[in-house]
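Asks: Mind looking over this structure? Questions follow.
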Amino acid sequence: MKKYLYIIAISLLVCSSCKKFLDVQPESDITKEQLFNSEDGFKEALNGVYNYCAGKDLYGDDLTFKNLELMAQNYAPSNVSYKNIQSFLYADAGVIGDNDGIWIHGYKAIGYCNAILEAIDAKKDIFAGKNYDLVKGEALTLRAYLHFDMLRLFAPSYKRSPAAKAIPYVTTVSINSTPFSTTTEILDKIIADLTAAKMLLKSDPILTPGYVVGYPNKTYDGTVAEKDKATEISSGSMFLQNRRHRMNYYAACGELARVYLYKEDFAQSLENANEVINANKFPWTTKEDFFSSFSNERDKIFYPELIAGWYIPDSKKMLEEYFSNDNADFSPLVSQKDIIFEKGTVGADDWRWMRWFTDVLSSNSPSRAYLRKFGVNPDEVGNAHPLMAPAIRLSEMYYIAAEASFDTDKAKAITYFNTVREHRGIGDGLPANIDKTEFLNKLVAECRKEFFAEGQIFYMYKRLNRDITNTNGQVYPATDRIFVLPLPLDEQAYRN
Amino acid sequence: MKLTFLYNPAFDMRRVKCKFLIVMKLTAILLLIGTLHLSAASYSQSITISKRNTTLNSLFNDVKQQTGYLFFYNGKVKISDQPLNVELKNVPLEEALTAVLKGFPLNFNIVDKTIVITNKVPEKGVVSVVSNVVEVTGKVIDSKTQLPIPGVNIYVKGRKATRTSTNDKGEFKINSNPEDVLVFVYVGFKEKEVKVGDEKFITVSLEDQVNQMEDVVITGYQTIKKESYTGNAIVIKGEDLKRTNPQNLLKAIQSFDPSFRIQTNNLAGSDPNALPRINVRGVTALPGIPTGKDDVLDRNNIAASFNLPAFIMDGFEVNVQKVIDLDINRIESVTLLKDAAASAVYGSRAANGVMVITTKAPVAGKLQLFYNYEMNFTAPDLSDYHVLNAEQKVQYEQLAGLYKYGAGSNGTTQQDVLDAQLFSRLKNVAGGVNTYWLSQPLRNTYGQKHSLNAQGGDQTFRYGVDARYQTRPGVMKGTTRDQYSGGMNFIYSPNPRLIIRNDLSIAQNNGANSPYGSFSTYAKMNPYYPKTDSTGRIIQELGRWSVNTFQNEDGKQYVEQNVFNPLYESSLSNFSKDAATEILNAFTADYKLSPSFRLRALLSYTKTNYQFDEFKSPSSNEFFNYETKDLNKRGSYNFNSRATDKVDANSTLSYFKQVNDHSFNLVLGVNVLSSIENYKAFSAQGFSNDRFSNVGFARIYKENSRPDGNVLIKRTLSSFFSGNYSYKNKYLFDGSFRMDGSSSFGSNKRFAPFGSVGLGWNMHNEDFLKDSEVISQVRLKGSVGLLGSIAFDPYLSRSIYTYQNDNWYSTGVGATALGYGNSNLEWQKTETFDIGADLGFFKDRVIISPRYYNKLTRGLITDINLVPSTGFTSYKENLGDMENKGYEVYLQANVLRANDLNINITANAAHNTNTLVKISNSLKAFNSKIDDLQNDLNNQLYTIPLVRYNEGESMNTIYAVRSLGIDPENGKEIYVKNDGSLTYDYDVKDTRAVGNTTPTLDGSIGGNILYKGFTMSFSLYYKFGGQLYNQTLIDRIENANPRENVDSRALSQRWIKAGDNALYKNIQDLTLTRASSRFVQKENLIDLQSIYLSYDFKRTLISKAGFQNLRAAISMNDIYRLSTVDIERGIDYPFARSFTFSLQASF
C-alpha cells in the first residue's frame, strides 16, 4: 500500500511543471542565476564589486585613509584606538577587528569577482560589442589587485621570505577553503591573471584616441581645441564612462608594474610602467588647475594623473570629519608635516606642501596641520572632479620606472624621478652621481609626500624592508612583526 | 453520519432544552428526511378553537400559535383544502388533533414539541406480491435511557413506500418479509438497519447521534470517530471557548491544553494590538543573535514564526492575526492536533502542531435571527507596580547623594544650585504635589460587540448572512482595535450527491496605538513634578539634570538631561495607527461518487491590505533639542503598506466504508498554496506645525532614506494520504503520508516526505471488559512520525543579489550577493513519538488521559562559520538537534449529575523538558559573542540574562554570573568565579547556567456547574517549580536611576550602613549591576483566569417578547493572580482585568 502511494505521490509531484511552479524568483531582489543571465546583470555585478571595494572596510577608508596611513606614521592621533593601530598593537581587540575586517571584506570582494568569472564564459554570447572582454578583463584585474593587497598585508614580503606561507589565492565560489600558497606562487598567479586581463582589455575604449582624460565638470575657455576637451563622460553608455574609475587597460599595466617590482623583476616592471608613461594618456596636472582661485575649478588630487581610483561619494562625510579642525587624529603636527615634505631642503616650493595643509596654531598644544587634499565643495559649488580614493597614479609609474631602471640606466632613472618633482613645483633635481641607497632614500621620501593619505607608502616600506620611523623619533625595526598582519582567528579555526 | 462528515454540527442537545435547539433539531430532520415544510409559534398546552369553514392549514396555524408546537410533514402528505368546522374549548392537544384529523387519511405523532403529520397507512389495500408477508410489530427505545421513542420513521430497505412510524409508546406495526431489512430513522439518533427474521416482535434500540457528533476529531481533511482515532487531538467546542474567554480565543484554548502556551509578554502587557507568541510542546527553533535591548526582551518573537502552530480554518491555512480577529461566535469547534499521527497529514507545517478551526455552517429552515451583544469592561492592573511617592522620592534622592556637589554622577552644578533644586522639590512635596504618573495614561474602558446572524433556506439552498461590529479599546488612552466584518455564505445542493458551499467574508480592522507613548516612561516619572502649570497648561519640560557620564571625550562628559512631560506628547496630534482590510472567499464542492467515495474540491482566495501610518509632531519632545539649522527637519511620518494575495486549493478523494468488522476512513488529496506579499514603505520629515499631520505637508523624504519595497512569493505543492482503519472497533490503525514541495527549500531538496503511523487498542471493547461496571473505556495508543517546519526565508536557500540602490557607482548601479545560498538547505525535521491512554470510569463520568511525548527536532537551521577567505563568513545549514519531551495529563469528571444539577470538573497538567542535543560550531562561537555583547554597555544588554547555547542545556536556561548576595560589611555584591573563588569584580566570563524557567508542572483547573438555567464555570492556571529572572529587581532597584522614579524597594531594601543584611547593594552605589544569579527567583503562580456565569431565560417568560431563546452571561478575565515573584508586569503597556457582559438572543 505504502509503496503504491509513494508512486502516486511521486508521480504527482516530481514533474517538471511542479518544479517550475516551486521555482519562485524574488521580485525585489534577484537570484544569482537570473543576474548572470543578461549582459546588464554582469555589468551590475561588476559595478557591485567596485562599489564594495569603495566601502569603508576597504578602499573607502581603512586601506586608503586610515589604517595604512596610521601605520605609516603619517598622522599624530590622540585617540587610543588609533594610537594602537599606529603602534602596530596587533593583539588589541580594536586592531584585530579592523584587520579581520580588511581580510573578510577583501576576500568577499574576491568572491564577487569569482562569481562573475565562473559564470561569464558560458554566457559569452549574450554580450554585445566588446563588453565581454571588458567585464572579464576587469574582474580578473580586480581579483589580482585585491589578492595583491591581501598579500602585501597578511604575508611576509617577497624580499624577506619569498617561499613563506602567504595567503590563499581563491578562484572559485565555494564554502570549501582554498589552501595557502607561498608568496612567490601568489605573485605568479597574480601576474597570470593580470596578463590575461591585459589581453582582454585591449578592447578598452580608453585606448582609443577619442578618449580624452580630464575634468568632467571643467568649463573650458575658447582657446581649448575640441579634441583636447575631456570625453570621459561623453559615452552614451554609463558603463563605458569614467574608465579611470574602473580597472582599465592602463590600470592592469600599472598593477603589473607594481607586482613585478614587488617580485624584483625590474625588466618586466619597467616595461609595464613605460607602457603607461609612453601612452601619454594621462596629462600632468597644470599649476592653474592646482592653484585655481575658484574652489570649483581647483584640483588637489591631481585628478588627470589618476590611472585608476575608487569613486567614493559615500565617504564624503567621513572625510570631512577626519580632516576637520576638530579632529586631532588624522593630522600630523605642523613640525612633522614640515619634516615629511622636506621644508628645510627642497620642500618650500612644493605645491603639495603649500596647498594640501592648513596649519592651525595652538598655544597650549602642538600646532597641527589639517589635510585639505580630499576637501569637497558643497553641491551648490561643485567640483571639477568627483571624490576619489586614488588607486594607481601616473607619478607612481615614474617612481617605479626610476627604481626599476636605476641599476641599468641611472641617468634615465634620475630623469624619471626629476620629472615628477618638476610637476610638483620642485626645481631641484637629483645629482647624477647619487648612489643606490641615497637614491632609495630620496625616492621613499618623495613617495611619502606624493602618496600622503593614499595608503601606499606602508607597502613601500615593507617591499624595501625599511624601518618605520615615527616622527617622534621612535623606530619600528623592519620585521615581520610589524609588516605582517596576523590572520583572523576564524581563518585558522574553520579551515576544512 | 454524512452530516457530521460535512458540516459537523455538534450541539449539545442533552443539556439545554430550549426552543433554539429544537429548531436546530428540526432543521436536521429536514436534512435527513427530505422536502419537509416547517413552521413555528408560541405555545400553551390546551387548545381553544372555534371556527367555521376553515381549512386544515389554518387550523394547524392556530394550534401552533397556541401551543408553540411545530408541525411538519413531507410533500407526500396531502393536506386537504376541504372546509371543516371546529369547535374546541380547552381541549388537550392530542384530543384536539384526533378530533380535527378524524375525517382525513392522516396520522399524527407528537415528538417532543413537534407534531409530525403522516399519511395513514391503509390497513388493507397494499396487496403484497410476496405471499409470506407478515405483520411485524415491535418497539423502538433509546439505548441510553431505555425509554420508548415515538415518531421514528421505519421503512423497508429497497421499498421505501412500505413505511410507518412509531406511536407515542414507541410501538410500530409494519408488513414485511422475513428477509427484509427495516430501516429506523429518527433525528438525533443513528440510523439503524434491522433484519426482520422470524421474530414477530422486535425491540430496536437507537443510539444517540448527538453523542456521536461530539466524539469526532476533525483533522481538516477528515472527520474521524474519536473512538477509533490514535492521534492526540484536543477538541474544544466554540461554546466552551466563549465561556472561558469571550475576548481572546487563543487565551481560551490555553485553558484546555496545557501544552499550548502563549508566552507571557511582559513588554506588551494587554495591548490589544500586540501579537501573541505561542509554543506547542516546547520551543523548536533557535533565535538569532540579539541586536539590542528590545530585541532580546522581544526575542520570543523572533522564534515565533518558527514555533507557531499552523492554523487551518475550514480547510485552508490562515495567519495568526486572522485567528485573533475571528468572531468567537462563529466558531463551531477548535481541534488541536499535537502528535505525529494527528498532524503528519500537514507535513512540513506540522512540527508545532496544527490548530483546526471549523466555523458554523448555515442550517435550513425558516429565517432565523441570532443576535449577540457583548459589553466588555477593562481596567488596568497596576498591582505589580510599587513606586515611591513624592516624599519618599526626595528622601531617596538625598540618600543617593544627588544633592551633593561632585558626588556620584553629579555634573558640574554647584552646591548652592543643588540646594536650591532640593528645596524647590521639598517645596513641591510640602505643597502637596504628588503626581501619580502611572495612572495618567490609563483609563477604565469598555468595548462592545454586536453580532447578528441570519440564516435560513431549504434543503436545496441554505444561506447565512452575518455582520459584526466590535470595539476593543485598550487601557492606555487612545489604544483601540475596532473590527467590522460581514459575511455571506450559502450551501447549494441541487441533488443529494452534490453540495456546493461558498463563504465570503469581508473584514476591516482598525488599530491605533496610544499617543501617550510607552508606559515605562510613566513608571519613571518623579512624583514631585506637577503635570500642569498654574494655568492648567501641560508643561513640556519639567526639569533638567546635569549628569557626569564619565566619558572622557570632549563635550560628552557633562551633559544636560531634559526631563520631558510624557503627557505633553498626548496633547499633540501624533498618531500611530494601522488598518487592515481582508476579503476572503472560500468555495467548496463536494460530490458523492458512490456511497463510500466522495470527491471534494476547495478553493480559497484571501486578499489583505494592511497599512501603517505614524506621525510625530514637530513639537514632539524628540525634536526638542534640534539645532536652529535643523528646525525644518522636525516632525516625521512613517508609512508602510503590505498587500497579500493568497490562494489555497485542495482536492481530496475520500473513502468511508464499514465492511463487516472492518471500518475504513481514507483520504487522498493534493494541496496547492501560493502567496504573494507586496511591501512598500517610505519615511518623510519636516513638518511645519502640529496641525498639518497629513504626509503631504512633509517637506522632504527622511534624510538619507529612500523608498523601500519588496515582494515575497511563497509556494507549496503537496500530495497526501491519510487513513484510519479499525477492526471491530477494537484494533485501531492510523497512517498518513505527505509529500511537500516548497519554494523555500533549496533547489536540490525541493520535495520532502513526511508521515506517521499510529496504533491503538480499544480494550474496553474486548469481552473481558465489556461488562465492567467500573471501567467504561480503556484505550491505549501510540504513534511515531516525521514532521517538518519550513518557516525560513527563501533567500537562505539560494544566492540572492541585492542592488545598492542608495549608492550607485559612477558607472551604474551595483549588485552584490547577500550570502551563500545553500541549495541543500532542508526543512527542520521533527521526529515525534507519542504514547497515551484514555481511561474512562463509571460510564465515562470520569476520564483520565495521560500522554507522553518526545519530539526530536533535527537539522535546526543554524549558522555555520566559514573560513573568511571563501568570501563568506557563515552560511545556513541544517545542523543542530533539539529535544522536547514531556507529559500531559487530562482529567475530566462529571462529579454530580442530578435532575437539575450537573457539576463537571476538568484539570490538566503538563511538563516539558527542552534540551539542546547538538549545536554547530558557530553556535559555540556565538557564546563568546554573547559575552561581548553583554560586556558592551552601549547596547543596554548587561542586565539581561542572555541565552547561551550549550549542549545539554535548555533554551529556557538562565545564564548569569553566580552571586552570593550583598556583603553586609560594605554593600558590595560577592560573585563566585568559575574556579570557585570569591570576588567583588564582575567578569562576564564567569557566566554559567544559574536557573531554568521551565516549571515542574503547569496547567489549568476548570469546572462548570449547571443548575436549571444557570451555568457557572471557571478556569484557573497554575505553575510551579520554575524560576524567573526578576528584571525589575535589577533594572528598577539596583540600577535604578535616582533621577527617575523607582521601585519602592530601592528605598526600603538597599544597603545603607555596615551590618545591614540587605538584598540590594549600597544605595549610594551608582555603578552598574550586571546580570547575576541574585535576581533568579522561584516562581510559583496561581492565576484565576476566568469566571463565567450565565442564565437561560425560561421560554414562558420571553416568548411573548418574540424571543425563542435568550441568554445573559457575565464573564471575568484575569481576575486574580498570586505569584511568588514580585515583578513589574506590563512594561510598555500595562496588563488589564476585564469583565464582559453578554446577551445572546434568537428570534
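Simple scheme: letters A, B, ... for chains in C-alpha cells order, numbers from 1 for residues in each chain, numbers from 1 for ligands in the order shown.
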Using only C-alpha atoms, select each residue of chain B with any atom at most 9 Å away from an atom of chain A, and give the selection as a short mmCIF file (atom, residue, chain, number, x, y, z; two decimals) with N, CA, C and O atoms, in the first residue's frame.
Replies:
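So out-v5.cif came out as:
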```cif
data_model
loop_
_atom_site.label_atom_id
_atom_site.label_comp_id
_atom_site.auth_asym_id
_atom_site.auth_seq_id
_atom_site.Cartn_x
_atom_site.Cartn_y
_atom_site.Cartn_z
N VAL B 670 -4.52 16.46 -2.90
CA VAL B 670 -3.43 17.36 -3.27
C VAL B 670 -3.75 18.75 -2.75
O VAL B 670 -4.91 19.08 -2.54
N GLY B 709 10.82 48.68 -0.58
CA GLY B 709 9.77 47.80 -1.04
C GLY B 709 10.32 46.44 -1.34
O GLY B 709 11.49 46.29 -1.66
N ASN B 710 9.50 45.43 -1.17
CA ASN B 710 9.91 44.12 -1.65
C ASN B 710 8.71 43.21 -1.82
O ASN B 710 7.62 43.46 -1.32
N VAL B 711 8.94 42.18 -2.57
CA VAL B 711 7.86 41.24 -2.88
C VAL B 711 8.33 39.86 -2.45
O VAL B 711 9.44 39.45 -2.75
N LEU B 712 7.49 39.19 -1.72
CA LEU B 712 7.84 37.87 -1.22
C LEU B 712 6.83 36.87 -1.78
O LEU B 712 5.63 37.02 -1.58
N ILE B 713 7.35 35.90 -2.46
CA ILE B 713 6.45 34.89 -3.03
C ILE B 713 6.78 33.55 -2.38
O ILE B 713 7.93 33.17 -2.28
N LYS B 714 5.74 32.87 -1.95
CA LYS B 714 5.95 31.55 -1.37
C LYS B 714 4.96 30.58 -2.01
O LYS B 714 3.79 30.90 -2.16
N ARG B 715 5.45 29.42 -2.34
CA ARG B 715 4.55 28.43 -2.91
C ARG B 715 4.82 27.07 -2.31
O ARG B 715 5.98 26.73 -2.06
N THR B 716 3.77 26.34 -2.10
CA THR B 716 3.96 24.95 -1.73
C THR B 716 3.01 24.10 -2.56
O THR B 716 1.95 24.56 -2.99
N LEU B 717 3.42 22.88 -2.74
CA LEU B 717 2.66 21.96 -3.56
C LEU B 717 2.77 20.61 -2.86
O LEU B 717 3.87 20.16 -2.57
N SER B 718 1.65 19.99 -2.56
CA SER B 718 1.74 18.78 -1.77
C SER B 718 0.72 17.74 -2.23
O SER B 718 -0.32 18.09 -2.77
N SER B 719 1.04 16.51 -1.95
CA SER B 719 0.02 15.48 -2.07
C SER B 719 0.06 14.68 -0.79
O SER B 719 1.10 14.59 -0.14
N PHE B 720 -1.06 14.16 -0.41
CA PHE B 720 -1.09 13.49 0.88
C PHE B 720 -2.08 12.35 0.90
O PHE B 720 -3.00 12.28 0.09
N PHE B 721 -1.86 11.49 1.85
CA PHE B 721 -2.80 10.40 2.09
C PHE B 721 -2.94 10.27 3.60
O PHE B 721 -1.99 10.41 4.35
N PHE B 737 0.67 10.11 5.16
CA PHE B 737 1.88 10.37 4.40
C PHE B 737 1.67 11.65 3.61
O PHE B 737 0.58 11.89 3.09
N ARG B 738 2.68 12.46 3.58
CA ARG B 738 2.54 13.69 2.79
C ARG B 738 3.87 14.00 2.11
O ARG B 738 4.93 13.82 2.70
N MET B 739 3.75 14.45 0.89
CA MET B 739 4.93 14.86 0.15
C MET B 739 4.77 16.36 -0.07
O MET B 739 3.80 16.79 -0.68
N ASP B 740 5.70 17.11 0.47
CA ASP B 740 5.58 18.56 0.36
C ASP B 740 6.67 19.12 -0.53
O ASP B 740 7.83 18.77 -0.37
N GLY B 741 6.29 19.97 -1.41
CA GLY B 741 7.28 20.70 -2.18
C GLY B 741 7.12 22.16 -1.81
O GLY B 741 6.00 22.65 -1.71
N SER B 742 8.23 22.86 -1.59
CA SER B 742 8.10 24.25 -1.19
C SER B 742 9.15 25.09 -1.90
O SER B 742 10.28 24.66 -2.10
N SER B 743 8.75 26.29 -2.26
CA SER B 743 9.69 27.19 -2.92
C SER B 743 10.77 27.65 -1.96
O SER B 743 11.78 28.20 -2.36
N SER B 744 10.56 27.42 -0.67
CA SER B 744 11.57 27.84 0.30
C SER B 744 12.72 26.85 0.39
O SER B 744 13.80 27.20 0.83
N SER B 747 17.12 24.30 -3.93
CA SER B 747 16.72 23.75 -5.22
C SER B 747 17.09 22.27 -5.33
O SER B 747 16.52 21.55 -6.13
N ARG B 750 13.87 19.96 -3.12
CA ARG B 750 12.58 20.62 -3.30
C ARG B 750 11.43 19.88 -2.63
O ARG B 750 10.45 20.48 -2.20
N PHE B 751 11.53 18.56 -2.57
CA PHE B 751 10.39 17.79 -2.06
C PHE B 751 10.76 17.04 -0.79
O PHE B 751 11.85 16.48 -0.68
N PRO B 794 13.10 32.44 1.98
CA PRO B 794 13.50 31.75 0.75
C PRO B 794 14.95 32.05 0.35
O PRO B 794 15.61 31.21 -0.24
N TYR B 795 15.46 33.24 0.70
CA TYR B 795 16.78 33.58 0.21
C TYR B 795 17.89 32.76 0.86
O TYR B 795 19.01 32.73 0.40
N ARG B 798 19.06 30.12 -1.56
CA ARG B 798 19.60 30.47 -2.87
C ARG B 798 20.45 31.73 -2.77
O ARG B 798 20.33 32.50 -1.83
N SER B 799 21.31 31.91 -3.75
CA SER B 799 22.17 33.08 -3.73
C SER B 799 21.40 34.26 -4.30
O SER B 799 21.02 34.25 -5.45
N ILE B 800 21.19 35.22 -3.47
CA ILE B 800 20.42 36.39 -3.86
C ILE B 800 21.35 37.59 -3.97
O ILE B 800 22.23 37.79 -3.13
N TYR B 801 21.19 38.35 -5.02
CA TYR B 801 21.93 39.60 -5.16
C TYR B 801 20.99 40.75 -4.84
O TYR B 801 19.84 40.75 -5.26
N THR B 802 21.48 41.72 -4.10
CA THR B 802 20.67 42.92 -3.86
C THR B 802 21.34 44.11 -4.52
O THR B 802 22.56 44.17 -4.62
N TYR B 803 20.51 45.02 -4.93
CA TYR B 803 21.02 46.22 -5.59
C TYR B 803 21.33 47.29 -4.56
O TYR B 803 20.58 47.46 -3.60
N GLN B 804 22.41 48.00 -4.79
CA GLN B 804 22.75 49.10 -3.87
C GLN B 804 22.12 50.37 -4.41
O GLN B 804 22.79 51.26 -4.92
N ASN B 807 23.28 53.88 -3.37
CA ASN B 807 24.67 54.26 -3.54
C ASN B 807 25.19 53.72 -4.86
O ASN B 807 25.82 52.69 -4.92
N TRP B 808 24.88 54.42 -5.92
CA TRP B 808 25.32 53.97 -7.24
C TRP B 808 26.82 54.22 -7.41
O TRP B 808 27.37 55.19 -6.89
N TYR B 809 27.45 53.38 -8.18
CA TYR B 809 28.82 53.66 -8.57
C TYR B 809 28.74 54.62 -9.77
O TYR B 809 27.70 54.78 -10.39
N SER B 810 29.86 55.27 -10.07
CA SER B 810 29.82 56.27 -11.13
C SER B 810 29.49 55.65 -12.48
O SER B 810 29.12 56.34 -13.40
N THR B 811 29.62 54.33 -12.59
CA THR B 811 29.32 53.70 -13.86
C THR B 811 28.06 52.82 -13.78
O THR B 811 27.90 51.89 -14.55
N GLY B 812 27.18 53.12 -12.84
CA GLY B 812 25.91 52.41 -12.79
C GLY B 812 25.67 51.75 -11.45
O GLY B 812 26.56 51.70 -10.59
N VAL B 813 24.47 51.23 -11.31
CA VAL B 813 24.11 50.61 -10.04
C VAL B 813 24.84 49.28 -9.90
O VAL B 813 25.08 48.59 -10.89
N GLY B 814 25.17 48.94 -8.67
CA GLY B 814 25.87 47.69 -8.43
C GLY B 814 24.98 46.68 -7.72
O GLY B 814 24.03 47.04 -7.05
N ALA B 815 25.31 45.41 -7.92
CA ALA B 815 24.59 44.36 -7.22
C ALA B 815 25.59 43.46 -6.53
O ALA B 815 26.60 43.08 -7.13
N THR B 816 25.33 43.16 -5.26
CA THR B 816 26.23 42.26 -4.56
C THR B 816 25.44 41.15 -3.89
O THR B 816 24.26 41.32 -3.58
N ALA B 817 26.10 40.04 -3.67
CA ALA B 817 25.43 38.87 -3.13
C ALA B 817 25.16 39.06 -1.64
O ALA B 817 25.96 39.64 -0.92
N TYR B 820 25.89 33.17 1.02
CA TYR B 820 25.95 31.92 0.30
C TYR B 820 24.60 31.23 0.40
O TYR B 820 24.14 30.91 1.48
N ASN B 865 29.94 28.76 10.65
CA ASN B 865 31.03 29.69 10.35
C ASN B 865 31.93 29.12 9.28
O ASN B 865 32.19 27.92 9.25
N LEU B 866 32.41 30.00 8.42
CA LEU B 866 33.28 29.57 7.34
C LEU B 866 34.60 30.30 7.43
O LEU B 866 34.71 31.34 8.08
N VAL B 867 35.57 29.74 6.75
CA VAL B 867 36.84 30.44 6.59
C VAL B 867 36.53 31.71 5.80
O VAL B 867 35.96 31.63 4.72
N PRO B 868 36.90 32.88 6.31
CA PRO B 868 36.50 34.10 5.60
C PRO B 868 37.08 34.19 4.19
O PRO B 868 36.50 34.87 3.35
N SER B 869 38.18 33.49 3.91
CA SER B 869 38.75 33.60 2.58
C SER B 869 37.86 32.97 1.52
O SER B 869 38.09 33.15 0.34
N THR B 870 36.83 32.24 1.94
CA THR B 870 35.89 31.73 0.95
C THR B 870 35.03 32.87 0.40
O THR B 870 34.31 32.70 -0.57
N GLY B 871 35.10 34.00 1.06
CA GLY B 871 34.25 35.11 0.64
C GLY B 871 32.96 35.16 1.44
O GLY B 871 32.14 36.04 1.24
N PHE B 872 32.78 34.19 2.33
CA PHE B 872 31.58 34.16 3.15
C PHE B 872 32.02 33.95 4.59
O PHE B 872 32.96 33.21 4.84
N THR B 873 31.33 34.58 5.53
CA THR B 873 31.71 34.35 6.91
C THR B 873 30.88 33.22 7.51
O THR B 873 31.32 32.53 8.41
N SER B 874 29.66 33.07 7.00
CA SER B 874 28.85 31.97 7.51
C SER B 874 27.80 31.64 6.49
O SER B 874 27.55 32.39 5.55
N TYR B 875 27.20 30.50 6.64
CA TYR B 875 26.05 30.17 5.80
C TYR B 875 25.09 29.34 6.63
O TYR B 875 25.41 28.91 7.73
N ASN B 921 29.27 24.66 15.10
CA ASN B 921 30.50 25.36 15.50
C ASN B 921 30.23 26.84 15.76
O ASN B 921 30.75 27.44 16.67
#
```
Asks: Which residues come within 8 Å of segment 557-574 of chain B, counting only C-alpha atoms, excluding same-chain residues fewer than 4 positions away, as a PyMOL selection string?
Replies: chain B and resi 411-412+440-441+515-517+521-522+531+538-553+614-617+619-621+690-691+693
Asks: Now that the selection is made, can you save its residues with N, CA and C atoms as a compact mmCIF listing (two decimals), in the first residue's frame?
Replies:
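Output below, filename part.txt:
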```txt
# COMPACT_ATOMS: atom_id res chain seq x y z
N GLY B 411 26.78 66.30 37.88
CA GLY B 411 27.51 67.09 36.90
C GLY B 411 28.22 68.26 37.53
N THR B 412 28.26 69.33 36.80
CA THR B 412 29.05 70.47 37.23
C THR B 412 28.26 71.45 38.10
N GLN B 440 -1.83 58.29 34.78
CA GLN B 440 -2.12 59.36 33.82
C GLN B 440 -2.51 58.86 32.42
N PRO B 441 -1.77 57.90 31.88
CA PRO B 441 -2.13 57.49 30.51
C PRO B 441 -3.21 56.40 30.49
N PRO B 515 -1.26 57.50 21.92
CA PRO B 515 -0.36 58.65 21.73
C PRO B 515 0.41 58.98 23.00
N TYR B 516 0.14 58.24 24.05
CA TYR B 516 0.80 58.52 25.33
C TYR B 516 2.19 57.89 25.42
N GLY B 517 2.54 57.12 24.41
CA GLY B 517 3.88 56.54 24.40
C GLY B 517 3.98 55.31 25.26
N THR B 521 7.72 55.01 30.53
CA THR B 521 8.08 56.40 30.79
C THR B 521 7.36 56.92 32.03
N TYR B 522 6.12 56.49 32.18
CA TYR B 522 5.33 56.99 33.31
C TYR B 522 5.80 56.39 34.63
N LYS B 531 1.95 68.09 36.78
CA LYS B 531 1.62 67.83 35.38
C LYS B 531 1.45 69.13 34.61
N ILE B 538 -0.33 71.99 30.09
CA ILE B 538 0.64 70.93 30.28
C ILE B 538 2.04 71.49 30.05
N ILE B 539 2.94 71.22 31.02
CA ILE B 539 4.31 71.72 30.91
C ILE B 539 5.10 70.74 30.05
N GLN B 540 5.87 71.23 29.09
CA GLN B 540 6.64 70.29 28.26
C GLN B 540 7.90 69.80 28.96
N GLU B 541 8.67 70.76 29.47
CA GLU B 541 9.91 70.36 30.13
C GLU B 541 9.75 70.56 31.63
N LEU B 542 9.90 69.44 32.36
CA LEU B 542 9.64 69.51 33.79
C LEU B 542 10.88 69.80 34.60
N GLY B 543 12.02 69.44 34.05
CA GLY B 543 13.23 69.65 34.82
C GLY B 543 14.45 69.35 33.99
N ARG B 544 15.60 69.53 34.58
CA ARG B 544 16.85 69.31 33.86
C ARG B 544 17.88 68.81 34.87
N TRP B 545 18.65 67.84 34.51
CA TRP B 545 19.71 67.34 35.39
C TRP B 545 21.04 67.53 34.70
N SER B 546 22.01 67.89 35.49
CA SER B 546 23.36 67.91 34.95
C SER B 546 24.02 66.60 35.37
N VAL B 547 24.49 65.83 34.41
CA VAL B 547 24.95 64.48 34.70
C VAL B 547 26.38 64.29 34.23
N ASN B 548 27.15 63.62 35.05
CA ASN B 548 28.50 63.22 34.67
C ASN B 548 28.42 61.83 34.05
N THR B 549 28.74 61.71 32.77
CA THR B 549 28.62 60.41 32.10
C THR B 549 29.91 59.61 32.18
N PHE B 550 30.95 60.22 32.76
CA PHE B 550 32.27 59.58 32.91
C PHE B 550 32.89 59.22 31.57
N GLN B 551 32.42 59.84 30.50
CA GLN B 551 33.06 59.60 29.21
C GLN B 551 34.03 60.74 28.99
N ASN B 552 35.25 60.36 28.64
CA ASN B 552 36.29 61.37 28.65
C ASN B 552 36.30 62.26 27.41
N GLU B 553 35.58 61.81 26.40
CA GLU B 553 35.60 62.62 25.19
C GLU B 553 35.02 64.00 25.45
N GLU B 614 2.31 56.59 10.76
CA GLU B 614 2.78 57.11 12.05
C GLU B 614 3.24 58.55 11.86
N PHE B 615 2.69 59.42 12.64
CA PHE B 615 3.07 60.83 12.55
C PHE B 615 3.60 61.31 13.87
N LYS B 616 4.73 61.99 13.84
CA LYS B 616 5.28 62.62 15.04
C LYS B 616 5.29 64.12 14.81
N SER B 617 4.64 64.82 15.66
CA SER B 617 4.52 66.26 15.50
C SER B 617 5.88 66.95 15.64
N SER B 619 6.44 69.46 17.23
CA SER B 619 6.57 69.97 18.60
C SER B 619 6.93 68.85 19.58
N SER B 620 7.04 67.64 19.08
CA SER B 620 7.27 66.49 19.94
C SER B 620 8.59 66.61 20.69
N ASN B 621 8.63 65.99 21.87
CA ASN B 621 9.83 66.06 22.71
C ASN B 621 11.09 65.60 21.99
N ASP B 690 2.02 71.48 14.18
CA ASP B 690 1.35 70.34 14.76
C ASP B 690 0.04 69.99 14.03
N ARG B 691 -0.57 70.97 13.43
CA ARG B 691 -1.88 70.72 12.84
C ARG B 691 -1.80 69.92 11.55
N SER B 693 -0.90 67.20 9.82
CA SER B 693 -0.36 65.87 10.05
C SER B 693 -0.43 65.01 8.80
```
Asks: Name the residues of segment 601-785 of chain B that come out as strand (DSSP E) in a backbone DSSP run; write them as a count of residues only.
Replies: 121
Asks: Residues of segment 373-477 of chain A that have any atom at most 10 Å from an atom of segment 316-336 of chain A: could you tabulate them with the shortest-distance atom pair and the distance in Å to one decimal, using only C-alpha atoms, ordered by chain and increasing number, as a tab-separated table?
Replies:
```
residue	atom	partner	partner_atom	distance
A:Lys373	CA	A:Phe323	CA	9.2
A:Phe374	CA	A:Leu319	CA	7.2
A:Gly375	CA	A:Glu320	CA	7.0
A:Val376	CA	A:Lys316	CA	7.4
A:Leu387	CA	A:Lys316	CA	7.4
A:Met388	CA	A:Lys316	CA	9.6
A:Ala453	CA	A:Phe330	CA	9.1
A:Asn470	CA	A:Gln336	CA	9.5
A:Thr471	CA	A:Gln336	CA	6.1
A:Asn472	CA	A:Gln336	CA	8.4
```
Asks: Using only C-alpha atoms, which residues sit within 9 Å of Arg243 of chain B once same-chain residues fewer than 3 positions away are excluded, as number ranges by chain?
Replies: B: 238-240, 246, 252, 1017-1018, 1090-1094, 1113, 1115
Asks: Please provide as a count of residues only all residues within 6 Å of Ser259 of chain B, with the sequence filter that same-chain residues fewer than 2 positions apart are discarded (counting only C-alpha atoms).
Replies: 4
